[in-house]
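Asker: Quick one: the structure is below, questions incoming.
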Amino acid sequence: ADCKGHTLPPPRAGSSFRDSFLTEGPDQARHNRAMSKVDKGLFWSRLKRIFDHWAKGGKPWGGGADAIIVNYGKANENVLYSRTSAIHLFLFGYEFPDTVLVLTKGKLTILCSSSKAKYLDSLGSENRGIKLEIMIRNKEDKNAANFAKLLKAIKGSNQGSLLGWIPSETQNGKFIARWNQAWQENGMKQVNVSMGFGRVISVKDAAAQKNTERAAKFAASVFKKKLIEDVLDALEENKVISHQKLSDDAAECFNDPIKWDKSGNLAPDDIEICYDPLIMSGGRYDLKASATLDDKKLDTGKEAVILCRMGARYRSFCSNLARTYFIEPSVEMEKNYGVLTQVFLACKKIIQPQSKISKIYETALGTIKRANRSLLPHFVGCGFGMGLEFREKNLVLNQKNHQQLKSGMVLNFSIGFKDLKDRKSGKPYAMQIADTYLVTSEEADGHKLLTVVRRGWENVAFRGNGDEDEDEDEELDTKQQAATLSHYERRRQNREKEERATREAAVREKEMRQLAKRKQEELLRRLAKDGVQDNFNEEKKFDYSKINSYKSVSDFPSQARPNQLYVDIRKETILVPIFKQLVPFHISTIRTVSKQEEGGNLILRLNFATPNMKFKSRNDYIHAVPQNKHFIQELTFKAPAGHHDNLERSYFGIQELRKRVKNRIKEKEDKRSIVVQKELRVLRGGGAKLRDLSVRPPLTRRKSTGVLEAHQNGLRFSSHRDGIKIDIIYENIKHAVFQKADNMSTEVRMHFELVNPIMAGKKKTNFFQFYVEVVQSSQDLGHGSRWHDRDGVLEEQEEKRRKRRYNKLFFDFKNRVSQISEKFSKDRDMKIEYEEPFKQIAFKGVPGKEQVSIIPTQNLLIALDDKPPFVLTIDEVDLAVMERCRFGLREFDITFVFKDFSKAPLSISAIPKKKLDSIKNWLRTLNILHYERRDAVNWKKLMNTIREDLKLFAENGGWLGYFDPQNDDDESDEEDPASEFSSPDEEEYSEEDDEYESASDEVDEEDDDD
């Protein structure tokens, strides 16, 4: 209400947000790159909203306009915000000058130049019951035919008597002047429909809300980390600095947004400044939205009041915030600010869907009357709605506006007191608080604060040390009173905290029980439909008789000698002398081989697989051989000193043969399981490229560097030096992750997790990771700190520049890959969406062999620093159990059980105990069933029990039958069902058993050789 009739301050030089059609200048190339096409989905959904709201008629639409025109003339850089430009941005995401929009019954007609029309061709001609026609301007007849066609359509729309337009905005230019003359002569009655468009635009959809939230978050970041820090530095150092200098330094942050936004969600070209950051002090204060900046010096003296205000816009959606700071304030200032805070908190409760806007203003006045009636003449508020326009005229928060707030509206909630004067010092001052709020039904309070900057008195008041003894005594008494009050306050807060924790624990337990029951019901339904096959222990048919090293004794190698061991590499057999006869043993029958020296003698032991042994991996040979046969369990050979050669050669020969067979079997299995990818369709002219990249897993023995290119249906990595070419088809990409280089990482990475593994050289891999080392991972520590010399400082600055450069290159490549994959794919779901790490909730843990930083993303849990990289898909997780959560331990473990029960559970150990609550909250937000346990769980034994009878597991309550929290609290003598799976026993197998999973693979190899 306070800014009615005022214009906003002029835009900063170089801050134009127009696209390439508007102006010629240094920003033109950037806008040409940014403007690729109009978002088709957003255009039709938003156009449908306009037509639906227009169909309701009423006063906002001039009493029911029959047709509507929206005229946009020549670009005017002096007009930063207008309803016409907001309509263009709302529909197209860009502004199209010298363009006419005509809305008739069920149809939108656009008259524009041919260069603009090419950006609109992709929208189609009809959608959601609305037609779209694009007409090209004709300079030969000065658009006479086009105008006649438009006027005919206007006359034929509905009753053809009322024409809606936006009269409050003057449009210039020859084209618009001719059009205005044409339609004003048609004899239709003209009505104002500006408010109708305002009602539609004021309710933001999901995309607009997201853009507003990003703008507000960036504004708050610059406000806290730059503007306020500069003000505090001036106070501490008694520095003389002007308001203009502070404003310029803060505005400079918008030229390097990546530095101030650590989330990585901002496109640097899309963040802009709403107006010059405002700093006011020294007695001159203007609380209107049209306030301008002056060049006065910052007042840092006693009882100084500094008012700071800043606004940011992202993809044209605005945000705003303001705070007031006090230097050695008087008691009166503190009391008045307390009243302002009371007003803010009282009005904030009214900001929720279905509340009347007038009630906000009435609540403010009522709070002031009760607290300090004398402040009523000084009150300024309560703000206005904002979005594509900095100030939405139809959403001014005053006493006359009886509209209801709706979910999706964005408010610049601003209150303040102007023209105040301290009674003792007579010093004039003012105060203001402003924040950006999103009205939403998804929040319990009905709103969401977007500009998070502290506004409490302890955060805005700065006091110096008094010089007089009396002042010191008064200050001491005040501190003692504050300490006494804070003691009781802390006790009260502690009680509330304990009660809140108890309530939250009860709610969480109830949620987990409900979730467990839903999972049980889901599993029963899957079993009923035979969706889950209970074939975990299905026997594998194996013909052991095929193991035949030689057909007869005559096939023995001629090099074999009696009373000596001989390793036949070709037949994969060991010839062993028994009673002076050579007896062949296939390599699949040998379990382990060992040697040792005793008293100068060399002893070689061969251990064979027998039925009474336990194996880490299933041994099909032993399971298939009839159990009533006689087996040799062990053979021992001894050679005296000086005659060790044969046993030494045999030992190393057996080891080499085992290794060779194992690698050959694994390579064959890898090739057998490989799914053939589609052929890569190369993009003519080349797509987006990233050069000088390294790759994991390594493709050769040395480090390979090459080029990663984006093509129509996939990516290609090629290295001309090593002769390598790897194709990754988009359809085969399960997850794509982009990780920037920052303080936690010395590399910028692009990680691709594959649906089906492919061959990397001679090995199978289910991931590829392309990276650049922007910072040396190690440095010479012999020369001390590099901060003490100029070269060290220059090196640090160069590293920062490299980080910014490569982060930008990878970010741009990521966006281009998404665009190309969407453009050339028939299915829109094939668009490559990149996961970005949420480093705010990262935690340390050991998923493999070493401790790494584990970071959640939207759909994953990743540790790309691990070798191999750790990647867990959240959607595949059925249960998470936090183990060893007992008093006295500083660390705990977490185990994830997959929905596919045939997979072994995955564990992360050594997680700091302080991360327990944050991990539980994260799991809760993902709706993942999770439990805490004091002891570790023997998952192998538990999963085997479940797999034996999956139906019985589901009928007995599923996971609730094993991990129900009530089992821990039950005072009866009944045993916890999961207790029998705690404290896993030691396994009775050797670590070497994992070298052979099955003898059947070796038989297959033998058949191939034959």
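So you can find residues: chains in the structure tokens are A, B, ... in the order shown, residues in each start at 1, and ligands are numbered from 1 in order.
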Counting only C-alpha atoms, which residues of range 422-467 of chain A sit at most 12 Å from some atom of range 403-415 of chain A, and what is each one's closest atom pair with its distance in Å to one decimal, listed by chain and rising residue number, as a Markdown table?
Answerer:
```
| residue | atom | partner | partner_atom | distance |
| --- | --- | --- | --- | --- |
| A:Ala430 | CA | A:Ile415 | CA | 11.1 |
| A:Met431 | CA | A:Ile415 | CA | 8.6 |
| A:Gln432 | CA | A:Ile415 | CA | 5.7 |
| A:Ile433 | CA | A:Ile415 | CA | 5.6 |
| A:Ala434 | CA | A:Ser414 | CA | 4.0 |
| A:Asp435 | CA | A:Phe413 | CA | 5.5 |
| A:Thr436 | CA | A:Asn412 | CA | 4.7 |
| A:Tyr437 | CA | A:Leu411 | CA | 5.2 |
| A:Leu438 | CA | A:Val410 | CA | 4.6 |
| A:Val439 | CA | A:Ser407 | CA | 5.0 |
| A:Thr440 | CA | A:Ser407 | CA | 4.4 |
| A:Ser441 | CA | A:Ser407 | CA | 5.8 |
| A:Glu442 | CA | A:Ser407 | CA | 8.6 |
| A:Glu443 | CA | A:Ser407 | CA | 10.2 |
| A:Asp445 | CA | A:Ser407 | CA | 11.9 |
| A:Gly446 | CA | A:Ser407 | CA | 8.2 |
| A:His447 | CA | A:Ser407 | CA | 8.5 |
| A:Lys448 | CA | A:Val410 | CA | 9.6 |
| A:Leu449 | CA | A:Leu411 | CA | 10.0 |
| A:Leu450 | CA | A:Val410 | CA | 9.6 |
| A:Thr451 | CA | A:Asn412 | CA | 10.1 |
```
Asker: Taking only C-alpha atoms into account, name the residue in A:Lys149, A:Lys703, A:Arg696, A:Lys226 that is nearest to Phe768 in chain A.
Answerer: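 Of A:Lys149, A:Lys703, A:Arg696, A:Lys226, the one nearest Phe768 in chain A, counting only C-alpha atoms, is A:Arg696.
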Asker: Tell me, as a PyMOL selection string, which residues lie within 7 Å of Arg934 in chain A, counting only C-alpha atoms; anything in the same chain fewer than 4 positions away does not count.
Answerer: chain A and resi 883-886
Asker: In Å, how far is it from CA of Gly381 in chain A to CA of Ile351 in chain A?
Answerer: 14.3 Å
Asker: Which residues in range 773-899 of chain A does DSSP call alpha helix (DSSP H)? List them as a CSV table (one decimal) with N, CA, C and O atoms, in the first residue's frame.
Answerer:
```csv
chain,number,residue,atom,x,y,z
A,790,ARG,N,54.9,-16.3,-1.8
A,790,ARG,CA,54.0,-15.7,-2.9
A,790,ARG,C,53.6,-16.8,-3.9
A,790,ARG,O,52.5,-16.9,-4.3
A,791,ASP,N,54.6,-17.8,-4.2
A,791,ASP,CA,54.3,-18.8,-5.1
A,791,ASP,C,53.1,-19.7,-4.6
A,791,ASP,O,52.3,-20.2,-5.3
A,792,GLY,N,53.2,-20.0,-3.3
A,792,GLY,CA,52.1,-20.8,-2.7
A,792,GLY,C,50.7,-20.1,-2.8
A,792,GLY,O,49.7,-20.8,-3.1
A,793,VAL,N,50.7,-18.8,-2.6
A,793,VAL,CA,49.4,-18.1,-2.7
A,793,VAL,C,48.9,-18.2,-4.2
A,793,VAL,O,47.7,-18.4,-4.5
A,794,LEU,N,49.8,-17.9,-5.1
A,794,LEU,CA,49.5,-18.0,-6.5
A,794,LEU,C,49.0,-19.4,-6.9
A,794,LEU,O,48.1,-19.5,-7.7
A,795,GLU,N,49.7,-20.4,-6.4
A,795,GLU,CA,49.2,-21.8,-6.7
A,795,GLU,C,47.8,-22.0,-6.2
A,795,GLU,O,47.0,-22.7,-6.9
A,796,GLU,N,47.5,-21.5,-5.0
A,796,GLU,CA,46.2,-21.7,-4.4
A,796,GLU,C,45.1,-21.0,-5.3
A,796,GLU,O,44.1,-21.5,-5.5
A,797,GLN,N,45.4,-19.8,-5.7
A,797,GLN,CA,44.5,-19.1,-6.6
A,797,GLN,C,44.3,-19.8,-7.9
A,797,GLN,O,43.2,-19.8,-8.4
A,798,GLU,N,45.4,-20.4,-8.4
A,798,GLU,CA,45.3,-21.1,-9.7
A,798,GLU,C,44.4,-22.3,-9.5
A,798,GLU,O,43.6,-22.7,-10.4
A,799,GLU,N,44.5,-23.0,-8.4
A,799,GLU,CA,43.7,-24.2,-8.1
A,799,GLU,C,42.2,-23.8,-8.1
A,799,GLU,O,41.3,-24.5,-8.6
A,800,LYS,N,41.9,-22.7,-7.4
A,800,LYS,CA,40.5,-22.2,-7.4
A,800,LYS,C,40.0,-21.9,-8.7
A,800,LYS,O,38.8,-22.2,-9.1
A,801,ARG,N,40.8,-21.3,-9.6
A,801,ARG,CA,40.4,-21.0,-10.9
A,801,ARG,C,40.1,-22.2,-11.7
A,801,ARG,O,39.2,-22.3,-12.5
A,802,ARG,N,41.0,-23.2,-11.5
A,802,ARG,CA,40.8,-24.5,-12.2
A,802,ARG,C,39.5,-25.2,-11.8
A,802,ARG,O,38.7,-25.8,-12.6
A,803,LYS,N,39.2,-25.1,-10.5
A,803,LYS,CA,38.0,-25.7,-10.0
A,803,LYS,C,36.8,-25.0,-10.6
A,803,LYS,O,35.8,-25.7,-11.1
A,804,ARG,N,36.7,-23.7,-10.6
A,804,ARG,CA,35.6,-23.0,-11.2
A,804,ARG,C,35.5,-23.3,-12.7
A,804,ARG,O,34.4,-23.6,-13.2
A,805,ARG,N,36.6,-23.4,-13.4
A,805,ARG,CA,36.6,-23.6,-14.9
A,805,ARG,C,36.0,-25.0,-15.2
A,805,ARG,O,35.1,-25.2,-16.0
A,806,TYR,N,36.6,-26.1,-14.5
A,806,TYR,CA,36.2,-27.4,-14.8
A,806,TYR,C,34.8,-27.7,-14.3
A,806,TYR,O,34.0,-28.5,-14.9
A,807,ASN,N,34.4,-27.1,-13.2
A,807,ASN,CA,33.0,-27.3,-12.7
A,807,ASN,C,32.0,-26.7,-13.7
A,807,ASN,O,31.0,-27.3,-14.0
A,808,LYS,N,32.4,-25.6,-14.3
A,808,LYS,CA,31.5,-25.0,-15.3
A,808,LYS,C,31.5,-25.8,-16.6
A,808,LYS,O,30.4,-26.0,-17.2
A,809,LEU,N,32.6,-26.4,-17.0
A,809,LEU,CA,32.7,-27.2,-18.2
A,809,LEU,C,31.8,-28.5,-18.0
A,809,LEU,O,31.0,-28.8,-18.9
A,810,PHE,N,32.0,-29.1,-16.9
A,810,PHE,CA,31.2,-30.3,-16.6
A,810,PHE,C,29.7,-30.0,-16.5
A,810,PHE,O,28.8,-30.8,-16.9
A,811,PHE,N,29.4,-28.9,-15.8
A,811,PHE,CA,28.0,-28.5,-15.7
A,811,PHE,C,27.3,-28.2,-17.0
A,811,PHE,O,26.2,-28.7,-17.3
A,812,ASP,N,28.0,-27.5,-17.9
A,812,ASP,CA,27.5,-27.2,-19.2
A,812,ASP,C,27.3,-28.5,-20.0
A,812,ASP,O,26.3,-28.7,-20.7
A,813,PHE,N,28.3,-29.4,-19.9
A,813,PHE,CA,28.2,-30.7,-20.6
A,813,PHE,C,27.0,-31.5,-20.1
A,813,PHE,O,26.3,-32.1,-20.9
A,814,LYS,N,26.8,-31.5,-18.8
A,814,LYS,CA,25.7,-32.2,-18.2
A,814,LYS,C,24.4,-31.7,-18.8
A,814,LYS,O,23.5,-32.5,-19.2
A,815,ASN,N,24.2,-30.4,-18.9
A,815,ASN,CA,23.0,-29.8,-19.4
A,815,ASN,C,22.8,-30.2,-20.9
A,815,ASN,O,21.7,-30.5,-21.4
A,816,ARG,N,23.9,-30.2,-21.7
A,816,ARG,CA,23.8,-30.5,-23.1
A,816,ARG,C,23.4,-32.0,-23.3
A,816,ARG,O,22.6,-32.3,-24.2
A,817,VAL,N,24.0,-32.9,-22.5
A,817,VAL,CA,23.6,-34.3,-22.6
A,817,VAL,C,22.1,-34.5,-22.3
A,817,VAL,O,21.4,-35.2,-23.0
A,818,SER,N,21.6,-33.8,-21.3
A,818,SER,CA,20.2,-33.9,-21.0
A,818,SER,C,19.3,-33.4,-22.1
A,818,SER,O,18.3,-34.0,-22.5
A,819,GLN,N,19.7,-32.3,-22.8
A,819,GLN,CA,19.0,-31.7,-23.9
A,819,GLN,C,19.0,-32.7,-25.1
A,819,GLN,O,18.0,-32.9,-25.7
A,820,ILE,N,20.2,-33.2,-25.4
A,820,ILE,CA,20.4,-34.1,-26.6
A,820,ILE,C,19.6,-35.4,-26.4
A,820,ILE,O,18.9,-35.9,-27.3
A,821,SER,N,19.7,-36.0,-25.2
A,821,SER,CA,19.0,-37.2,-24.9
A,821,SER,C,17.5,-37.0,-25.0
A,821,SER,O,16.8,-37.9,-25.4
A,822,GLU,N,17.0,-35.9,-24.6
A,822,GLU,CA,15.6,-35.6,-24.7
A,822,GLU,C,15.1,-35.3,-26.1
A,822,GLU,O,14.1,-35.8,-26.5
A,823,LYS,N,16.0,-34.7,-26.8
A,823,LYS,CA,15.6,-34.3,-28.2
A,823,LYS,C,15.5,-35.4,-29.1
A,823,LYS,O,14.6,-35.5,-30.0
A,824,PHE,N,16.5,-36.4,-29.0
A,824,PHE,CA,16.5,-37.5,-30.0
A,824,PHE,C,15.9,-38.8,-29.5
A,824,PHE,O,15.9,-39.8,-30.2
```
Asker: If we count only C-alpha atoms, what is near Asp261 in chain A at a cut-off of 8 Å, once residues fewer than 5 positions away on the same chain are taken out, given as a VMD selection string?
Answerer: chain A and resid 218 221 266
Asker: Restricting the output to N, CA, C and O atoms, write the selected residues as a CSV table (one decimal), in the first residue's frame.
Answerer:
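This is the output file result35.csv:
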```
chain,number,residue,atom,x,y,z
A,218,PHE,N,19.5,-17.8,-2.8
A,218,PHE,CA,20.7,-17.1,-3.2
A,218,PHE,C,20.8,-15.7,-2.6
A,218,PHE,O,21.9,-15.2,-2.1
A,221,SER,N,21.9,-16.0,0.9
A,221,SER,CA,23.3,-16.3,1.0
A,221,SER,C,24.2,-15.1,0.8
A,221,SER,O,25.1,-14.9,1.6
A,266,LEU,N,21.9,-23.8,-9.3
A,266,LEU,CA,21.7,-22.6,-10.0
A,266,LEU,C,22.4,-22.6,-11.4
A,266,LEU,O,23.5,-23.1,-11.5
```
Asker: Which of these residues is nearest to Val380 in chain A, using only C-alpha atoms: A:Lys288, A:Lys424, A:Lys59, A:Lys116?
Answerer: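 Comparing A:Lys288, A:Lys424, A:Lys59, A:Lys116 against Val380 in chain A, the winner is A:Lys288.
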Asker: Among range 215-334 of chain A, which residues carry a DSSP assignment of strand (DSSP E or B), reported as a PyMOL selection string?
Answerer: chain A and resi 242+271-273+278-280+297+304-314+317-327
Asker: Restricting the output to N, CA and C atoms, write the selected residues as a PDB file, in the first residue's frame.
Answerer:
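Printed below is again_8.pdb as written:
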```pdb
ATOM      1  N   SER A 242      31.152   3.936   2.062  1.00  0.00           N
ATOM      2  CA  SER A 242      29.888   4.534   1.635  1.00  0.00           C
ATOM      3  C   SER A 242      28.831   3.462   1.398  1.00  0.00           C
ATOM      4  N   ILE A 271      20.450 -16.187 -12.815  1.00  0.00           N
ATOM      5  CA  ILE A 271      20.287 -15.440 -11.567  1.00  0.00           C
ATOM      6  C   ILE A 271      20.589 -13.967 -11.833  1.00  0.00           C
ATOM      7  N   GLU A 272      19.706 -13.093 -11.393  1.00  0.00           N
ATOM      8  CA  GLU A 272      19.860 -11.661 -11.631  1.00  0.00           C
ATOM      9  C   GLU A 272      19.482 -10.884 -10.378  1.00  0.00           C
ATOM     10  N   ILE A 273      19.821  -9.623 -10.392  1.00  0.00           N
ATOM     11  CA  ILE A 273      19.528  -8.748  -9.261  1.00  0.00           C
ATOM     12  C   ILE A 273      18.215  -8.011  -9.527  1.00  0.00           C
ATOM     13  N   LEU A 278      20.135  -2.069  -1.116  1.00  0.00           N
ATOM     14  CA  LEU A 278      19.946  -0.790  -0.417  1.00  0.00           C
ATOM     15  C   LEU A 278      20.539  -0.855   0.979  1.00  0.00           C
ATOM     16  N   ILE A 279      21.342   0.150   1.315  1.00  0.00           N
ATOM     17  CA  ILE A 279      21.885   0.325   2.659  1.00  0.00           C
ATOM     18  C   ILE A 279      21.534   1.743   3.088  1.00  0.00           C
ATOM     19  N   MET A 280      20.858   1.881   4.217  1.00  0.00           N
ATOM     20  CA  MET A 280      20.430   3.197   4.719  1.00  0.00           C
ATOM     21  C   MET A 280      20.902   3.349   6.150  1.00  0.00           C
ATOM     22  N   LYS A 297      28.064   8.144   3.772  1.00  0.00           N
ATOM     23  CA  LYS A 297      28.928   7.221   4.485  1.00  0.00           C
ATOM     24  C   LYS A 297      28.115   6.414   5.491  1.00  0.00           C
ATOM     25  N   ALA A 304      23.485   4.043  16.206  1.00  0.00           N
ATOM     26  CA  ALA A 304      23.305   4.034  14.751  1.00  0.00           C
ATOM     27  C   ALA A 304      22.355   2.906  14.368  1.00  0.00           C
ATOM     28  N   VAL A 305      21.528   3.161  13.363  1.00  0.00           N
ATOM     29  CA  VAL A 305      20.594   2.167  12.845  1.00  0.00           C
ATOM     30  C   VAL A 305      20.894   1.980  11.362  1.00  0.00           C
ATOM     31  N   ILE A 306      21.161   0.732  10.974  1.00  0.00           N
ATOM     32  CA  ILE A 306      21.526   0.410   9.581  1.00  0.00           C
ATOM     33  C   ILE A 306      20.456  -0.503   9.013  1.00  0.00           C
ATOM     34  N   LEU A 307      19.818  -0.063   7.946  1.00  0.00           N
ATOM     35  CA  LEU A 307      18.765  -0.836   7.293  1.00  0.00           C
ATOM     36  C   LEU A 307      19.311  -1.377   5.980  1.00  0.00           C
ATOM     37  N   CYS A 308      19.222  -2.685   5.796  1.00  0.00           N
ATOM     38  CA  CYS A 308      19.746  -3.353   4.596  1.00  0.00           C
ATOM     39  C   CYS A 308      18.616  -4.078   3.889  1.00  0.00           C
ATOM     40  N   ARG A 309      18.604  -3.981   2.551  1.00  0.00           N
ATOM     41  CA  ARG A 309      17.550  -4.601   1.763  1.00  0.00           C
ATOM     42  C   ARG A 309      18.139  -5.146   0.465  1.00  0.00           C
ATOM     43  N   MET A 310      17.693  -6.324   0.061  1.00  0.00           N
ATOM     44  CA  MET A 310      18.242  -6.959  -1.145  1.00  0.00           C
ATOM     45  C   MET A 310      17.176  -7.826  -1.803  1.00  0.00           C
ATOM     46  N   GLY A 311      17.217  -7.889  -3.136  1.00  0.00           N
ATOM     47  CA  GLY A 311      16.304  -8.745  -3.888  1.00  0.00           C
ATOM     48  C   GLY A 311      17.041  -9.472  -4.994  1.00  0.00           C
ATOM     49  N   ALA A 312      16.641 -10.715  -5.257  1.00  0.00           N
ATOM     50  CA  ALA A 312      17.235 -11.517  -6.335  1.00  0.00           C
ATOM     51  C   ALA A 312      16.117 -12.180  -7.120  1.00  0.00           C
ATOM     52  N   ARG A 313      16.379 -12.437  -8.378  1.00  0.00           N
ATOM     53  CA  ARG A 313      15.398 -13.118  -9.227  1.00  0.00           C
ATOM     54  C   ARG A 313      16.094 -14.236  -9.979  1.00  0.00           C
ATOM     55  N   TYR A 314      15.402 -15.377 -10.061  1.00  0.00           N
ATOM     56  CA  TYR A 314      15.933 -16.535 -10.782  1.00  0.00           C
ATOM     57  C   TYR A 314      14.920 -16.940 -11.834  1.00  0.00           C
ATOM     58  N   PHE A 317      11.751 -14.931 -11.628  1.00  0.00           N
ATOM     59  CA  PHE A 317      10.902 -14.976 -10.439  1.00  0.00           C
ATOM     60  C   PHE A 317      11.644 -14.308  -9.271  1.00  0.00           C
ATOM     61  N   CYS A 318      10.978 -13.348  -8.625  1.00  0.00           N
ATOM     62  CA  CYS A 318      11.631 -12.442  -7.681  1.00  0.00           C
ATOM     63  C   CYS A 318      11.551 -12.941  -6.241  1.00  0.00           C
ATOM     64  N   SER A 319      12.484 -12.413  -5.440  1.00  0.00           N
ATOM     65  CA  SER A 319      12.483 -12.614  -3.987  1.00  0.00           C
ATOM     66  C   SER A 319      13.023 -11.346  -3.354  1.00  0.00           C
ATOM     67  N   ASN A 320      12.772 -11.179  -2.044  1.00  0.00           N
ATOM     68  CA  ASN A 320      13.188  -9.945  -1.375  1.00  0.00           C
ATOM     69  C   ASN A 320      13.327 -10.197   0.119  1.00  0.00           C
ATOM     70  N   LEU A 321      14.269  -9.495   0.762  1.00  0.00           N
ATOM     71  CA  LEU A 321      14.377  -9.544   2.216  1.00  0.00           C
ATOM     72  C   LEU A 321      14.995  -8.253   2.713  1.00  0.00           C
ATOM     73  N   ALA A 322      14.725  -7.932   3.976  1.00  0.00           N
ATOM     74  CA  ALA A 322      15.271  -6.725   4.605  1.00  0.00           C
ATOM     75  C   ALA A 322      15.474  -6.989   6.089  1.00  0.00           C
ATOM     76  N   ARG A 323      16.532  -6.413   6.646  1.00  0.00           N
ATOM     77  CA  ARG A 323      16.823  -6.498   8.069  1.00  0.00           C
ATOM     78  C   ARG A 323      17.328  -5.139   8.553  1.00  0.00           C
ATOM     79  N   THR A 324      17.133  -4.897   9.845  1.00  0.00           N
ATOM     80  CA  THR A 324      17.612  -3.663  10.469  1.00  0.00           C
ATOM     81  C   THR A 324      18.601  -4.026  11.567  1.00  0.00           C
ATOM     82  N   TYR A 325      19.740  -3.337  11.593  1.00  0.00           N
ATOM     83  CA  TYR A 325      20.798  -3.615  12.567  1.00  0.00           C
ATOM     84  C   TYR A 325      21.052  -2.367  13.418  1.00  0.00           C
ATOM     85  N   PHE A 326      21.314  -2.596  14.718  1.00  0.00           N
ATOM     86  CA  PHE A 326      21.434  -1.511  15.686  1.00  0.00           C
ATOM     87  C   PHE A 326      22.830  -1.548  16.331  1.00  0.00           C
ATOM     88  N   ILE A 327      23.463  -0.384  16.408  1.00  0.00           N
ATOM     89  CA  ILE A 327      24.787  -0.258  17.024  1.00  0.00           C
ATOM     90  C   ILE A 327      24.613   0.455  18.368  1.00  0.00           C
TER      91      ILE A 327
END
```
Asker: Skipping near chain neighbours, those fewer than 4 positions away, what residues fall within 12 Å of Ile87 in chain A using only C-alpha atoms, listed as a VMD selection string?
Answerer: chain A and resid 43 46 to 47 50 69 to 72 81 to 83 91 to 96 100 to 101 166 194 to 202 316 387 to 389
Asker: Residues near range 585-600 of chain A, anyone? I mean within 7 Å using only C-alpha atoms, not counting same-chain ones fewer than 3 positions away, as a list in words.
Answerer: Ser549, Glu572, Thr573, Ile574, Leu575, Ile603, Leu604, Arg605, Leu606, Asn607, Phe608, Ala609, Pro640, Ala641, Asp993 and Ala999 of chain A
Asker: Output the selection as a short mmCIF file (atom, residue, chain, number, x, y, z; two decimals), in the first residue's frame - N, CA, C and O atoms for each residue.
Answerer:
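Resulting contents of part-v1.cif:
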```cif
data_model
loop_
_atom_site.label_atom_id
_atom_site.label_comp_id
_atom_site.auth_asym_id
_atom_site.auth_seq_id
_atom_site.Cartn_x
_atom_site.Cartn_y
_atom_site.Cartn_z
N SER A 549 40.25 -85.92 -17.28
CA SER A 549 41.48 -85.28 -17.73
C SER A 549 42.11 -86.02 -18.91
O SER A 549 42.54 -85.40 -19.88
N GLU A 572 44.83 -78.98 -17.49
CA GLU A 572 44.41 -78.45 -16.19
C GLU A 572 44.38 -79.57 -15.15
O GLU A 572 43.39 -79.74 -14.41
N THR A 573 45.44 -80.33 -15.10
CA THR A 573 45.51 -81.52 -14.26
C THR A 573 46.86 -81.57 -13.54
O THR A 573 47.88 -81.12 -14.10
N ILE A 574 46.87 -82.15 -12.34
CA ILE A 574 48.09 -82.39 -11.59
C ILE A 574 48.30 -83.90 -11.53
O ILE A 574 47.41 -84.65 -11.09
N LEU A 575 49.46 -84.36 -11.98
CA LEU A 575 49.83 -85.77 -11.91
C LEU A 575 50.61 -86.00 -10.63
O LEU A 575 51.66 -85.40 -10.41
N ILE A 603 57.94 -79.58 2.70
CA ILE A 603 56.71 -80.37 2.76
C ILE A 603 55.63 -79.65 1.93
O ILE A 603 55.37 -78.47 2.13
N LEU A 604 55.02 -80.38 0.99
CA LEU A 604 53.95 -79.85 0.15
C LEU A 604 52.67 -80.61 0.46
O LEU A 604 52.64 -81.83 0.43
N ARG A 605 51.60 -79.89 0.78
CA ARG A 605 50.32 -80.51 1.13
C ARG A 605 49.27 -80.11 0.11
O ARG A 605 49.10 -78.94 -0.20
N LEU A 606 48.56 -81.13 -0.36
CA LEU A 606 47.42 -80.91 -1.25
C LEU A 606 46.15 -81.30 -0.51
O LEU A 606 46.00 -82.45 -0.08
N ASN A 607 45.24 -80.35 -0.30
CA ASN A 607 43.95 -80.61 0.34
C ASN A 607 42.88 -80.71 -0.75
O ASN A 607 42.75 -79.81 -1.59
N PHE A 608 42.08 -81.77 -0.70
CA PHE A 608 41.07 -82.01 -1.73
C PHE A 608 39.68 -81.72 -1.17
O PHE A 608 39.43 -81.76 0.03
N ALA A 609 38.77 -81.42 -2.08
CA ALA A 609 37.37 -81.18 -1.72
C ALA A 609 36.70 -82.51 -1.38
O ALA A 609 36.78 -83.47 -2.16
N PRO A 640 63.88 -84.02 0.74
CA PRO A 640 65.00 -83.62 1.60
C PRO A 640 65.74 -82.42 1.02
O PRO A 640 65.51 -82.01 -0.11
N ALA A 641 66.61 -81.85 1.83
CA ALA A 641 67.38 -80.69 1.40
C ALA A 641 68.18 -81.03 0.15
O ALA A 641 68.74 -82.12 0.03
N ASP A 993 38.61 -70.56 -0.45
CA ASP A 993 37.51 -71.29 -1.10
C ASP A 993 36.80 -70.45 -2.15
O ASP A 993 36.14 -70.99 -3.03
N ALA A 999 32.63 -76.26 -10.24
CA ALA A 999 33.45 -77.04 -11.16
C ALA A 999 32.81 -77.15 -12.53
O ALA A 999 33.47 -77.50 -13.49
#
```
